[in-house]
$ cat work25.tsv   # TSV, C-alpha atoms
chain	number	residue	atom	x	y	z
A	123	MET	CA	15.72	3.07	-22.49
A	124	SER	CA	15.88	0.86	-19.36
A	125	LEU	CA	13.63	-2.13	-18.78
A	126	PHE	CA	12.14	-0.22	-15.82
A	127	THR	CA	11.30	2.76	-18.03
A	128	ARG	CA	9.82	0.59	-20.76
A	129	SER	CA	7.69	-1.19	-18.17
A	130	LEU	CA	6.34	2.05	-16.77
A	131	LEU	CA	5.67	3.50	-20.18
A	132	GLY	CA	3.94	0.32	-21.27
A	133	THR	CA	1.67	0.48	-18.23
A	134	ALA	CA	0.96	4.15	-18.81
A	135	VAL	CA	0.12	3.71	-22.49
A	136	ALA	CA	-2.08	0.67	-21.95
A	137	LEU	CA	-4.11	2.35	-19.26
A	138	ALA	CA	-4.29	5.68	-21.05
A	139	MET	CA	-5.96	3.97	-23.99
A	140	THR	CA	-8.81	2.88	-21.73
A	141	THR	CA	-9.49	6.38	-20.44
A	142	GLY	CA	-10.64	7.96	-23.65
A	143	ALA	CA	-8.45	9.06	-26.54
A	144	GLN	CA	-10.71	12.06	-27.24
A	145	ALA	CA	-10.02	13.73	-23.89
A	146	ALA	CA	-9.10	17.39	-24.13
A	147	THR	CA	-6.78	17.53	-21.11
A	148	GLU	CA	-4.01	15.07	-20.24
A	149	LEU	CA	-2.95	14.22	-16.72
A	150	THR	CA	0.00	12.06	-15.73
A	151	VAL	CA	-0.78	10.19	-12.54
A	152	TYR	CA	1.68	8.06	-10.60
A	153	THR	CA	0.03	5.27	-8.59
A	154	ALA	CA	0.70	2.16	-6.55
A	155	VAL	CA	-2.92	0.94	-6.67
A	156	GLU	CA	-3.20	-2.78	-7.27
A	157	SER	CA	-3.25	-3.38	-11.01
A	158	ASP	CA	-6.45	-5.44	-11.00
A	159	ASP	CA	-8.32	-2.50	-9.45
A	160	LEU	CA	-6.64	0.32	-11.32
A	161	GLN	CA	-8.41	-0.52	-14.58
A	162	LYS	CA	-11.78	-0.40	-12.80
A	163	TYR	CA	-11.01	2.93	-11.14
A	164	ALA	CA	-9.76	4.43	-14.40
A	165	GLU	CA	-12.88	3.42	-16.30
A	166	ARG	CA	-15.20	4.77	-13.61
A	167	PHE	CA	-13.40	8.11	-13.45
A	168	ASN	CA	-13.52	8.40	-17.22
A	169	GLU	CA	-17.28	7.82	-17.19
A	170	ALA	CA	-17.62	10.82	-14.89
A	171	HIS	CA	-14.99	13.00	-16.63
A	172	PRO	CA	-14.46	12.02	-20.29
A	173	GLU	CA	-12.88	15.43	-20.88
A	174	ILE	CA	-9.74	14.28	-18.97
A	175	GLU	CA	-7.32	11.69	-20.33
A	176	ILE	CA	-5.11	10.10	-17.69
A	177	ASN	CA	-1.75	8.50	-18.36
A	178	TRP	CA	-1.44	6.12	-15.42
A	179	VAL	CA	2.09	5.15	-14.38
A	180	ARG	CA	2.00	2.25	-11.93
A	181	ASP	CA	4.64	0.52	-9.81
A	182	SER	CA	5.21	-0.49	-6.21
A	183	THR	CA	5.16	2.09	-3.43
A	184	GLY	CA	8.93	2.28	-2.97
A	185	VAL	CA	9.60	2.67	-6.68
A	186	ILE	CA	6.98	5.40	-7.15
A	187	THR	CA	8.25	7.26	-4.08
A	188	ALA	CA	11.85	7.10	-5.30
A	189	ARG	CA	10.84	8.24	-8.77
A	190	LEU	CA	8.99	11.28	-7.44
A	191	LEU	CA	11.94	12.23	-5.24
A	192	ALA	CA	14.33	11.85	-8.18
A	193	GLU	CA	12.11	14.12	-10.29
A	194	LYS	CA	11.81	16.78	-7.59
A	195	ASP	CA	13.46	19.51	-9.69
A	196	ASN	CA	11.62	18.52	-12.86
A	197	PRO	CA	8.23	16.98	-11.95
A	198	GLN	CA	6.75	14.63	-14.53
A	199	ALA	CA	3.56	13.75	-12.67
A	200	ASP	CA	0.55	15.97	-12.06
A	201	VAL	CA	-0.99	13.81	-9.33
A	202	VAL	CA	0.08	10.93	-7.11
A	203	TRP	CA	-2.90	8.73	-6.34
A	204	GLY	CA	-3.11	5.57	-4.27
A	205	LEU	CA	0.29	5.87	-2.59
A	206	ALA	CA	0.99	5.12	1.08
A	207	ALA	CA	0.36	8.04	3.43
A	208	THR	CA	3.79	7.42	4.97
A	209	SER	CA	5.35	8.01	1.55
A	210	LEU	CA	3.27	11.13	0.97
A	211	LEU	CA	4.54	12.53	4.26
A	212	VAL	CA	8.09	12.08	2.96
A	213	LEU	CA	7.14	13.85	-0.28
A	214	GLU	CA	5.45	16.64	1.68
A	215	GLU	CA	8.60	17.17	3.74
A	216	GLU	CA	10.53	17.57	0.48
A	217	GLY	CA	8.09	20.21	-0.77
A	218	LEU	CA	6.71	18.08	-3.60
A	219	LEU	CA	3.01	18.36	-2.72
A	220	SER	CA	0.64	21.23	-3.47
A	221	ARG	CA	-2.06	21.89	-0.90
A	222	TYR	CA	-5.68	21.52	-1.98
A	223	ALA	CA	-8.96	20.90	-0.15
A	224	PRO	CA	-11.08	18.70	-2.44
A	225	GLU	CA	-14.78	19.36	-2.75
A	226	GLY	CA	-16.60	17.29	-0.14
A	227	ILE	CA	-13.56	16.71	2.07
A	228	GLU	CA	-15.56	17.66	5.16
A	229	ALA	CA	-17.47	14.37	4.84
A	230	LEU	CA	-14.35	12.23	5.34
A	231	ASP	CA	-13.22	10.60	8.56
A	232	PRO	CA	-10.66	13.13	9.94
A	233	LYS	CA	-8.00	10.45	10.38
A	234	PHE	CA	-7.94	10.10	6.58
A	235	VAL	CA	-7.07	13.77	6.07
A	236	ASP	CA	-3.74	15.56	6.48
A	237	PRO	CA	-3.75	16.79	10.12
A	238	ALA	CA	-2.84	20.29	8.88
A	239	ALA	CA	-6.51	20.63	7.87
A	240	ARG	CA	-7.46	20.66	11.55
A	241	ASP	CA	-5.41	23.84	11.92
A	242	GLY	CA	-7.27	25.58	9.11
A	243	GLN	CA	-4.77	24.88	6.32
A	244	ASP	CA	-5.62	23.18	3.05
A	245	PRO	CA	-4.43	19.57	3.28
A	246	ALA	CA	-1.36	18.37	1.40
A	247	TRP	CA	-2.93	14.92	0.94
A	248	VAL	CA	-6.21	13.08	1.45
A	249	GLY	CA	-6.77	9.41	2.26
A	250	MET	CA	-8.78	6.89	0.28
A	251	ASP	CA	-8.79	3.56	2.12
A	252	ALA	CA	-6.75	1.53	4.60
A	253	TRP	CA	-4.77	-1.56	3.77
A	254	VAL	CA	-4.01	-3.90	6.63
A	255	ALA	CA	-1.19	-6.35	7.30
A	256	ALA	CA	-2.11	-10.04	7.24
A	257	ILE	CA	-0.64	-13.48	6.66
A	258	CYS	CA	-1.63	-15.77	3.78
A	259	TYR	CA	-1.38	-19.45	4.70
A	260	ASN	CA	-1.65	-22.27	2.15
A	261	THR	CA	-3.79	-24.91	3.86
A	262	ILE	CA	-2.90	-27.73	1.45
A	263	GLU	CA	0.86	-27.18	1.51
A	264	GLY	CA	0.81	-26.51	5.22
A	265	GLU	CA	-0.83	-29.87	5.92
A	266	ARG	CA	1.40	-31.68	3.41
A	267	GLN	CA	4.61	-30.27	4.86
A	268	GLY	CA	3.56	-30.33	8.49
A	269	VAL	CA	3.61	-26.54	8.88
A	270	PRO	CA	0.77	-25.40	11.16
A	271	MET	CA	-1.35	-22.33	10.51
A	272	PRO	CA	0.07	-19.40	12.50
A	273	THR	CA	-2.10	-17.25	14.71
A	274	SER	CA	0.46	-14.60	15.65
A	275	TRP	CA	3.49	-12.74	14.34
A	276	GLU	CA	5.58	-14.55	16.95
A	277	ASP	CA	4.55	-17.93	15.54
A	278	LEU	CA	6.51	-17.17	12.37
A	279	THR	CA	9.80	-17.35	14.31
A	280	ARG	CA	9.21	-20.97	15.43
A	281	PRO	CA	11.51	-23.72	14.04
A	282	GLU	CA	8.77	-25.40	11.98
A	283	TYR	CA	8.56	-22.28	9.78
A	284	ARG	CA	12.23	-22.40	8.75
A	285	GLY	CA	12.42	-21.60	5.03
A	286	GLN	CA	8.63	-21.45	4.70
A	287	VAL	CA	8.00	-17.69	5.01
A	288	ILE	CA	8.08	-15.06	2.26
A	289	MET	CA	7.85	-11.34	3.04
A	290	PRO	CA	8.00	-8.10	1.00
A	291	ASN	CA	11.18	-6.04	0.92
A	292	PRO	CA	10.33	-2.77	2.74
A	293	SER	CA	12.62	-0.76	0.45
A	294	SER	CA	10.38	-1.41	-2.56
A	295	SER	CA	7.09	-2.41	-0.97
A	296	GLY	CA	4.78	-0.21	1.03
A	297	THR	CA	3.42	-3.36	2.68
A	298	GLY	CA	6.93	-4.41	3.68
A	299	TYR	CA	7.60	-1.03	5.25
A	300	LEU	CA	4.18	-1.10	6.92
A	301	ASP	CA	5.26	-4.33	8.64
A	302	VAL	CA	8.60	-2.95	9.82
A	303	ALA	CA	7.13	0.33	11.08
A	304	SER	CA	4.21	-1.38	12.83
A	305	TRP	CA	6.47	-3.88	14.59
A	306	MET	CA	8.56	-0.94	15.79
A	307	GLN	CA	5.43	0.65	17.21
A	308	LEU	CA	4.16	-2.58	18.74
A	309	TRP	CA	7.36	-3.65	20.49
A	310	GLY	CA	9.76	-0.71	20.42
A	311	GLU	CA	12.88	-0.62	18.26
A	312	GLU	CA	14.94	-3.08	20.30
A	313	GLY	CA	12.10	-5.57	20.44
A	314	ALA	CA	11.31	-5.17	16.74
A	315	TRP	CA	14.90	-5.73	15.59
A	316	ASP	CA	15.10	-8.79	17.85
A	317	TYR	CA	11.89	-10.09	16.29
A	318	MET	CA	13.09	-9.46	12.73
A	319	ASP	CA	16.44	-11.14	13.46
A	320	ARG	CA	14.57	-14.28	14.50
A	321	LEU	CA	12.07	-14.00	11.64
A	322	HIS	CA	14.91	-13.62	9.13
A	323	GLU	CA	16.13	-17.12	10.04
A	324	ASN	CA	12.85	-18.49	8.68
A	325	ILE	CA	12.55	-16.26	5.60
A	326	ALA	CA	12.97	-17.96	2.23
A	327	ARG	CA	13.13	-14.65	0.34
A	328	TYR	CA	12.03	-11.04	0.32
A	329	THR	CA	9.94	-10.03	-2.69
A	330	HIS	CA	9.72	-6.78	-4.66
A	331	SER	CA	5.97	-6.26	-4.15
A	332	GLY	CA	3.58	-6.55	-1.24
A	333	SER	CA	1.08	-8.76	-3.07
A	334	ALA	CA	3.70	-11.29	-4.25
A	335	PRO	CA	3.98	-13.25	-0.96
A	336	CYS	CA	0.25	-13.90	-0.90
A	337	ASN	CA	0.18	-14.75	-4.60
A	338	LEU	CA	3.02	-17.23	-4.05
A	339	ALA	CA	1.21	-18.78	-1.10
A	340	ALA	CA	-1.95	-19.10	-3.17
A	341	SER	CA	-0.06	-20.91	-5.95
A	342	GLY	CA	1.64	-23.28	-3.52
A	343	GLU	CA	5.13	-21.88	-4.05
A	344	ALA	CA	5.16	-20.86	-0.38
A	345	VAL	CA	3.35	-22.01	2.72
A	346	VAL	CA	3.29	-18.60	4.40
A	347	GLY	CA	3.23	-15.17	2.77
A	348	VAL	CA	3.39	-11.99	4.85
A	349	SER	CA	1.19	-9.70	2.78
A	350	PHE	CA	-1.97	-7.61	3.22
A	351	ALA	CA	-5.59	-8.47	3.82
A	352	PHE	CA	-7.00	-7.17	0.52
A	353	ARG	CA	-4.90	-9.52	-1.59
A	354	GLY	CA	-5.48	-12.55	0.61
A	355	ALA	CA	-9.23	-12.01	0.94
A	356	ARG	CA	-9.64	-11.68	-2.82
A	357	LEU	CA	-7.58	-14.79	-3.59
A	358	GLU	CA	-9.47	-16.82	-1.00
A	359	SER	CA	-12.77	-15.70	-2.55
A	360	GLN	CA	-11.46	-16.82	-5.94
A	361	GLY	CA	-10.95	-20.33	-4.55
A	362	ALA	CA	-7.25	-20.32	-3.71
A	363	PRO	CA	-6.38	-22.82	-0.94
A	364	ILE	CA	-5.37	-20.14	1.53
A	365	GLU	CA	-6.53	-18.90	4.89
A	366	VAL	CA	-6.06	-15.22	5.71
A	367	VAL	CA	-4.60	-14.88	9.19
A	368	PHE	CA	-4.91	-11.68	11.23
A	369	PRO	CA	-2.16	-11.93	13.88
A	370	GLU	CA	-3.36	-11.59	17.43
A	371	GLU	CA	-0.76	-8.99	18.52
A	372	GLY	CA	-2.35	-6.37	16.29
A	373	LEU	CA	-2.44	-5.30	12.67
A	374	GLY	CA	-0.23	-2.66	11.15
A	375	TRP	CA	-1.86	-0.55	8.48
A	376	ASP	CA	-1.34	2.36	6.15
A	377	MET	CA	-3.72	4.25	3.94
A	378	GLU	CA	-3.77	4.79	0.22
A	379	ALA	CA	-3.86	8.53	-0.31
A	380	ALA	CA	-3.76	11.13	-3.07
A	381	ALA	CA	-2.12	14.51	-3.63
A	382	ILE	CA	-1.38	17.09	-6.30
A	383	ILE	CA	2.27	17.44	-7.29
A	384	GLU	CA	3.73	20.92	-6.97
A	385	GLY	CA	4.54	22.48	-10.32
A	386	GLY	CA	2.19	20.40	-12.48
A	387	ASP	CA	0.82	21.94	-15.68
A	388	ASN	CA	-2.83	20.89	-15.39
A	389	ARG	CA	-4.04	22.19	-12.06
A	390	GLU	CA	-7.76	22.28	-12.84
A	391	ALA	CA	-7.83	18.69	-14.08
A	392	ALA	CA	-5.71	17.59	-11.10
A	393	GLU	CA	-8.23	19.15	-8.73
A	394	THR	CA	-11.04	17.37	-10.56
A	395	LEU	CA	-9.34	14.02	-9.96
A	396	LEU	CA	-8.85	14.82	-6.25
A	397	ASP	CA	-12.51	15.84	-5.96
A	398	TRP	CA	-13.54	12.51	-7.45
A	399	ALA	CA	-11.07	10.56	-5.28
A	400	VAL	CA	-12.81	11.68	-2.05
A	401	SER	CA	-16.36	11.29	-3.38
A	402	ARG	CA	-18.84	8.78	-2.05
A	403	GLN	CA	-18.88	7.07	-5.47
A	404	ALA	CA	-15.12	6.52	-5.37
A	405	ASN	CA	-15.22	5.27	-1.78
A	406	GLU	CA	-17.89	2.74	-2.73
A	407	LEU	CA	-15.45	1.45	-5.33
A	408	TYR	CA	-12.64	1.25	-2.79
A	409	ASN	CA	-14.94	-0.75	-0.52
A	410	GLU	CA	-15.18	-3.50	-3.13
A	411	GLY	CA	-11.75	-4.60	-1.95
A	412	TYR	CA	-10.97	-2.70	1.24
A	413	ALA	CA	-12.97	-3.06	4.44
A	414	VAL	CA	-12.01	0.38	5.79
A	415	VAL	CA	-12.49	3.48	3.63
A	416	ALA	CA	-12.26	7.21	4.20
A	417	TYR	CA	-15.97	8.03	3.80
A	418	PRO	CA	-17.93	7.11	6.97
A	419	GLY	CA	-20.98	4.95	6.51
A	420	VAL	CA	-19.89	3.62	3.12
A	421	ALA	CA	-17.97	0.48	4.08
A	422	GLN	CA	-19.88	-2.79	3.90
A	423	PRO	CA	-18.48	-6.11	5.22
A	424	ILE	CA	-15.93	-7.77	2.95
A	425	ASP	CA	-15.69	-11.54	2.56
A	426	ASN	CA	-12.84	-13.14	4.52
A	427	TYR	CA	-12.27	-10.07	6.72
A	428	PRO	CA	-13.17	-10.18	10.43
A	429	GLU	CA	-16.08	-7.93	11.33
A	430	ASP	CA	-13.92	-6.17	13.93
A	431	ILE	CA	-11.07	-5.37	11.52
A	432	ALA	CA	-11.00	-1.69	12.52
A	433	GLU	CA	-10.60	-2.59	16.20
A	434	ARG	CA	-7.65	-4.88	15.40
A	435	MET	CA	-5.69	-2.14	13.62
A	436	ILE	CA	-2.93	-0.62	15.75
A	437	ASP	CA	-2.80	3.08	16.61
A	438	ALA	CA	-0.43	3.84	13.73
A	439	ASP	CA	1.86	6.88	13.91
A	440	PHE	CA	2.35	7.77	10.24
A	441	ALA	CA	4.49	10.80	11.01
A	442	TRP	CA	6.93	8.68	13.03
A	443	ALA	CA	7.07	6.06	10.28
A	444	ALA	CA	7.76	8.73	7.65
A	445	ASN	CA	10.38	10.58	9.70
A	446	HIS	CA	12.37	7.41	10.46
A	447	ARG	CA	11.92	5.72	7.08
A	448	ASP	CA	15.42	6.26	5.66
A	449	ARG	CA	17.15	5.20	8.87
A	450	LEU	CA	15.03	2.07	9.33
A	451	LEU	CA	15.42	1.00	5.70
A	452	GLU	CA	19.18	1.46	5.81
A	453	GLU	CA	19.43	-0.74	8.89
A	454	TRP	CA	17.01	-3.30	7.45
A	455	GLN	CA	19.08	-3.57	4.27
A	456	ARG	CA	22.29	-3.96	6.25
A	457	ARG	CA	20.82	-6.84	8.24
A	458	TYR	CA	18.60	-8.72	5.81
A	459	ASP	CA	18.97	-7.68	2.18
A	460	GLY	CA	20.96	-10.79	1.27
A	461	LYS	CA	17.71	-12.74	0.86
A	462	SER	CA	16.00	-10.14	-1.35
A	463	ASP	CA	14.89	-10.89	-4.89
A	464	SER	CA	16.97	-9.07	-7.50
A	465	GLN	CA	15.18	-5.96	-8.79
$ encode --input "work25.tsv" --output "structure tokens"
Amino acid sequence: MSLFTRSLLGTAVALAMTTGAQAATELTVYTAVESDDLQKYAERFNEAHPEIEINWVRDSTGVITARLLAEKDNPQADVVWGLAATSLLVLEEEGLLSRYAPEGIEALDPKFVDPAARDGQDPAWVGMDAWVAAICYNTIEGERQGVPMPTSWEDLTRPEYRGQVIMPNPSSSGTGYLDVASWMQLWGEEGAWDYMDRLHENIARYTHSGSAPCNLAASGEAVVGVSFAFRGARLESQGAPIEVVFPEEGLGWDMEAAAIIEGGDNREAAETLLDWAVSRQANELYNEGYAVVAYPGVAQPIDNYPEDIAERMIDADFAWAANHRDRLLEEWQRRYDGKSDSQ
């Protein structure tokens, strides 16, 4: 058994134990939800549905996406929950998702629902919340090393940031791919590759996960971490010496979303989980960390987020990002993978 497999199984077993050993029906759910929230979500779902035992299998977005694609002919998961919408569009294209309209879906903001629903079809996926690109800046290390706090994406290409920036690898990290795809949409492909060529000169390393750059900035191992707002805002609230920067050019974003896997054995229980995932109760939970959620009127202000966060988010084209994913990742790896952490 590989280390990767043991890690996944260990995560699944540990989380399954918290969801009620007496459950009558088992579901296997693949997820990329942040680990410090997954436990909370699992416990709350189990309170509502103790008759369902969930084996949660968690890893980064790229790893979960690759695993589902590899298992296409022999699905092991019943549901994918908390994965990037751009990844779910790839899975949908491959025929891995089973259409279902969860109970209460009509209450959601339409941009958080598969556009096929607007044409009268059942959606292949439904959104949960939005995660937004941001920069984590260590104020103590920045002052000590003479590295100023950035205000823009372009700032990160300046000479004073040489060797001071850490970013997620887009092949494994949904946040990393969010950055690449959003820069493409902000500046066009030629402009985005030019930007990333210049940024690469200042990159110390590319990490496996999207939260790692902010965690490393918070611990002082990096001055600047390209990450996402949820992680930075939470660390800042916990007292880490970081400032969360929302670059002035605009903020790329993706949404965590959920779907039923085609061919799963436990359809009724899978539908129950999807029903809960779009409920007001679940969205109130999402709002404990994310400032933008799928259920209108639920979101309350989050500490360390700007009040106008929704206005700063770019007009993201998820279909474009999904359709060009393989090509963009192949080119990114050719240009920059030499600075990536080993997997």
$ closest_residue --input "work25.tsv" --among "A:Ile288, A:Ala432, A:Leu450, A:Ala444" --to "Thr187 in chain A" --atoms "only C-alpha atoms"
A:Ala444
$ atom_distance --input "work25.tsv" --atom1 "CA of Asp387 in chain A" --atom2 "CA of Gln161 in chain A"
24.3 Å
$ residues_near_point --input "work25.tsv" --point "(-9.3, 23.5, -0.3)" --cutoff "9 Å" --atoms "only C-alpha atoms" --output "list in words"
Arg221, Tyr222, Ala223, Pro224, Glu225, Ile227, Gln243, Asp244 and Pro245 of chain A
$ closest_residue --input "work25.tsv" --among "A:Arg402, A:Arg180, A:Arg353, A:Arg189" --to "Gly419 in chain A" --atoms "only C-alpha atoms"
A:Arg402
$ closest_residue --input "work25.tsv" --among "A:Leu211, A:Leu190, A:Ala314, A:Ala229" --to "Ala246 in chain A" --atoms "all atoms listed in the file"
A:Leu211
$ residues_around --input "work25.tsv" --residues "range 376-383 of chain A" --least-positions-apart "5" --cutoff "6 Å" --atoms "all atoms listed in the file" --output "list in words"
Asp200, Val201, Val202, Trp203, Gly204, Leu205, Ala206, Ala207, Leu218, Leu219, Ser220, Trp247, Val248, Gly249, Met250, Asp251, Ala252 and Trp253 of chain A
$ closest_residue --input "work25.tsv" --among "A:Ser462, A:Asn196, A:Ser304, A:Ser295" --to "Gly332 in chain A" --atoms "all atoms listed in the file"
A:Ser295
$ closest_atom_pairs --input "work25.tsv" --of "range 244-306 of chain A" --to "range 438-441 of chain A" --cutoff "12 Å" --atoms "all atoms listed in the file" --output "CSV"
residue,atom,partner,partner_atom,distance
A:Ala252,CA,A:Ala438,CA,11.3
A:Val254,CA,A:Ala438,CA,11.1
A:Tyr299,CA,A:Phe440,CA,11.4
A:Leu300,CA,A:Ala438,CA,9.6
A:Asp301,CA,A:Ala438,CA,11.2
A:Val302,CA,A:Ala438,CA,12.0
A:Ala303,CA,A:Ala438,CA,8.7
A:Ser304,CA,A:Ala438,CA,7.0
A:Trp305,CA,A:Ala438,CA,10.4
A:Met306,CA,A:Ala438,CA,10.4
$ atom_distance --input "work25.tsv" --atom1 "CA of Lys461 in chain A" --atom2 "CA of Thr329 in chain A"
9.0 Å
$ residues_around --input "work25.tsv" --residues "Ala421 in chain A" --least-positions-apart "3" --cutoff "9 Å" --atoms "all atoms listed in the file" --output "PyMOL selection string"
chain A and resi 405-406+408-410+412-418+424
$ closest_residue --input "work25.tsv" --among "A:Arg449, A:Pro292, A:Trp398, A:Met318" --to "Glu169 in chain A" --atoms "all atoms listed in the file"
A:Trp398
$ atom_distance --input "work25.tsv" --atom1 "CA of Gly460 in chain A" --atom2 "CA of Glu323 in chain A"
11.8 Å
$ closest_residue --input "work25.tsv" --among "A:Asn337, A:Gln360, A:Gln455, A:Gln307" --to "Ile436 in chain A" --atoms "all atoms listed in the file"
A:Gln307
$ axis_aligned_box --input "work25.tsv" --around "range 253-258 of chain A" --padding-each-side "4 Å" --output "AutoDock Vina command-line options"
--center_x -2.7 --center_y -8.7 --center_z 5.5 --size_x 12.1 --size_y 22.2 --size_z 11.5
$ build_atoms --input "work25.tsv" --residues "range 391-406 of chain A" --atoms "N, CA, C and O atoms" --output "short mmCIF file (atom, residue, chain, number, x, y, z; two decimals), in the coordinates of the input"
data_model
loop_
_atom_site.label_atom_id
_atom_site.label_comp_id
_atom_site.auth_asym_id
_atom_site.auth_seq_id
_atom_site.Cartn_x
_atom_site.Cartn_y
_atom_site.Cartn_z
N ALA A 391 -7.53 20.11 -13.90
CA ALA A 391 -7.83 18.69 -14.08
C ALA A 391 -7.35 17.88 -12.87
O ALA A 391 -8.01 16.92 -12.45
N ALA A 392 -6.21 18.26 -12.30
CA ALA A 392 -5.71 17.59 -11.10
C ALA A 392 -6.69 17.74 -9.95
O ALA A 392 -6.96 16.77 -9.21
N GLU A 393 -7.24 18.93 -9.78
CA GLU A 393 -8.23 19.15 -8.73
C GLU A 393 -9.48 18.33 -8.97
O GLU A 393 -10.09 17.81 -8.03
N THR A 394 -9.88 18.19 -10.23
CA THR A 394 -11.04 17.37 -10.56
C THR A 394 -10.84 15.92 -10.13
O THR A 394 -11.75 15.29 -9.58
N LEU A 395 -9.64 15.39 -10.37
CA LEU A 395 -9.34 14.02 -9.96
C LEU A 395 -9.38 13.90 -8.43
O LEU A 395 -9.93 12.93 -7.89
N LEU A 396 -8.82 14.87 -7.71
CA LEU A 396 -8.85 14.82 -6.25
C LEU A 396 -10.29 14.92 -5.73
O LEU A 396 -10.66 14.22 -4.78
N ASP A 397 -11.11 15.76 -6.36
CA ASP A 397 -12.51 15.84 -5.96
C ASP A 397 -13.20 14.48 -6.10
O ASP A 397 -13.96 14.06 -5.23
N TRP A 398 -12.93 13.82 -7.22
CA TRP A 398 -13.54 12.51 -7.45
C TRP A 398 -13.00 11.48 -6.46
O TRP A 398 -13.74 10.64 -5.95
N ALA A 399 -11.71 11.56 -6.14
CA ALA A 399 -11.07 10.56 -5.28
C ALA A 399 -11.67 10.53 -3.88
O ALA A 399 -11.63 9.48 -3.22
N VAL A 400 -12.22 11.66 -3.39
CA VAL A 400 -12.81 11.68 -2.05
C VAL A 400 -14.32 11.52 -2.09
O VAL A 400 -14.96 11.53 -1.03
N SER A 401 -14.90 11.36 -3.26
CA SER A 401 -16.36 11.29 -3.38
C SER A 401 -16.91 9.99 -2.81
O SER A 401 -16.19 8.98 -2.66
N ARG A 402 -18.18 10.00 -2.52
CA ARG A 402 -18.84 8.78 -2.05
C ARG A 402 -18.75 7.68 -3.12
O ARG A 402 -18.51 6.50 -2.80
N GLN A 403 -18.94 8.05 -4.38
CA GLN A 403 -18.88 7.07 -5.47
C GLN A 403 -17.53 6.37 -5.48
O GLN A 403 -17.46 5.13 -5.60
N ALA A 404 -16.44 7.12 -5.37
CA ALA A 404 -15.12 6.52 -5.37
C ALA A 404 -14.92 5.62 -4.15
O ALA A 404 -14.37 4.52 -4.25
N ASN A 405 -15.38 6.07 -2.99
CA ASN A 405 -15.22 5.27 -1.78
C ASN A 405 -16.02 3.97 -1.85
O ASN A 405 -15.60 2.94 -1.29
N GLU A 406 -17.15 3.99 -2.52
CA GLU A 406 -17.89 2.74 -2.73
C GLU A 406 -17.08 1.77 -3.58
O GLU A 406 -17.11 0.55 -3.36
#
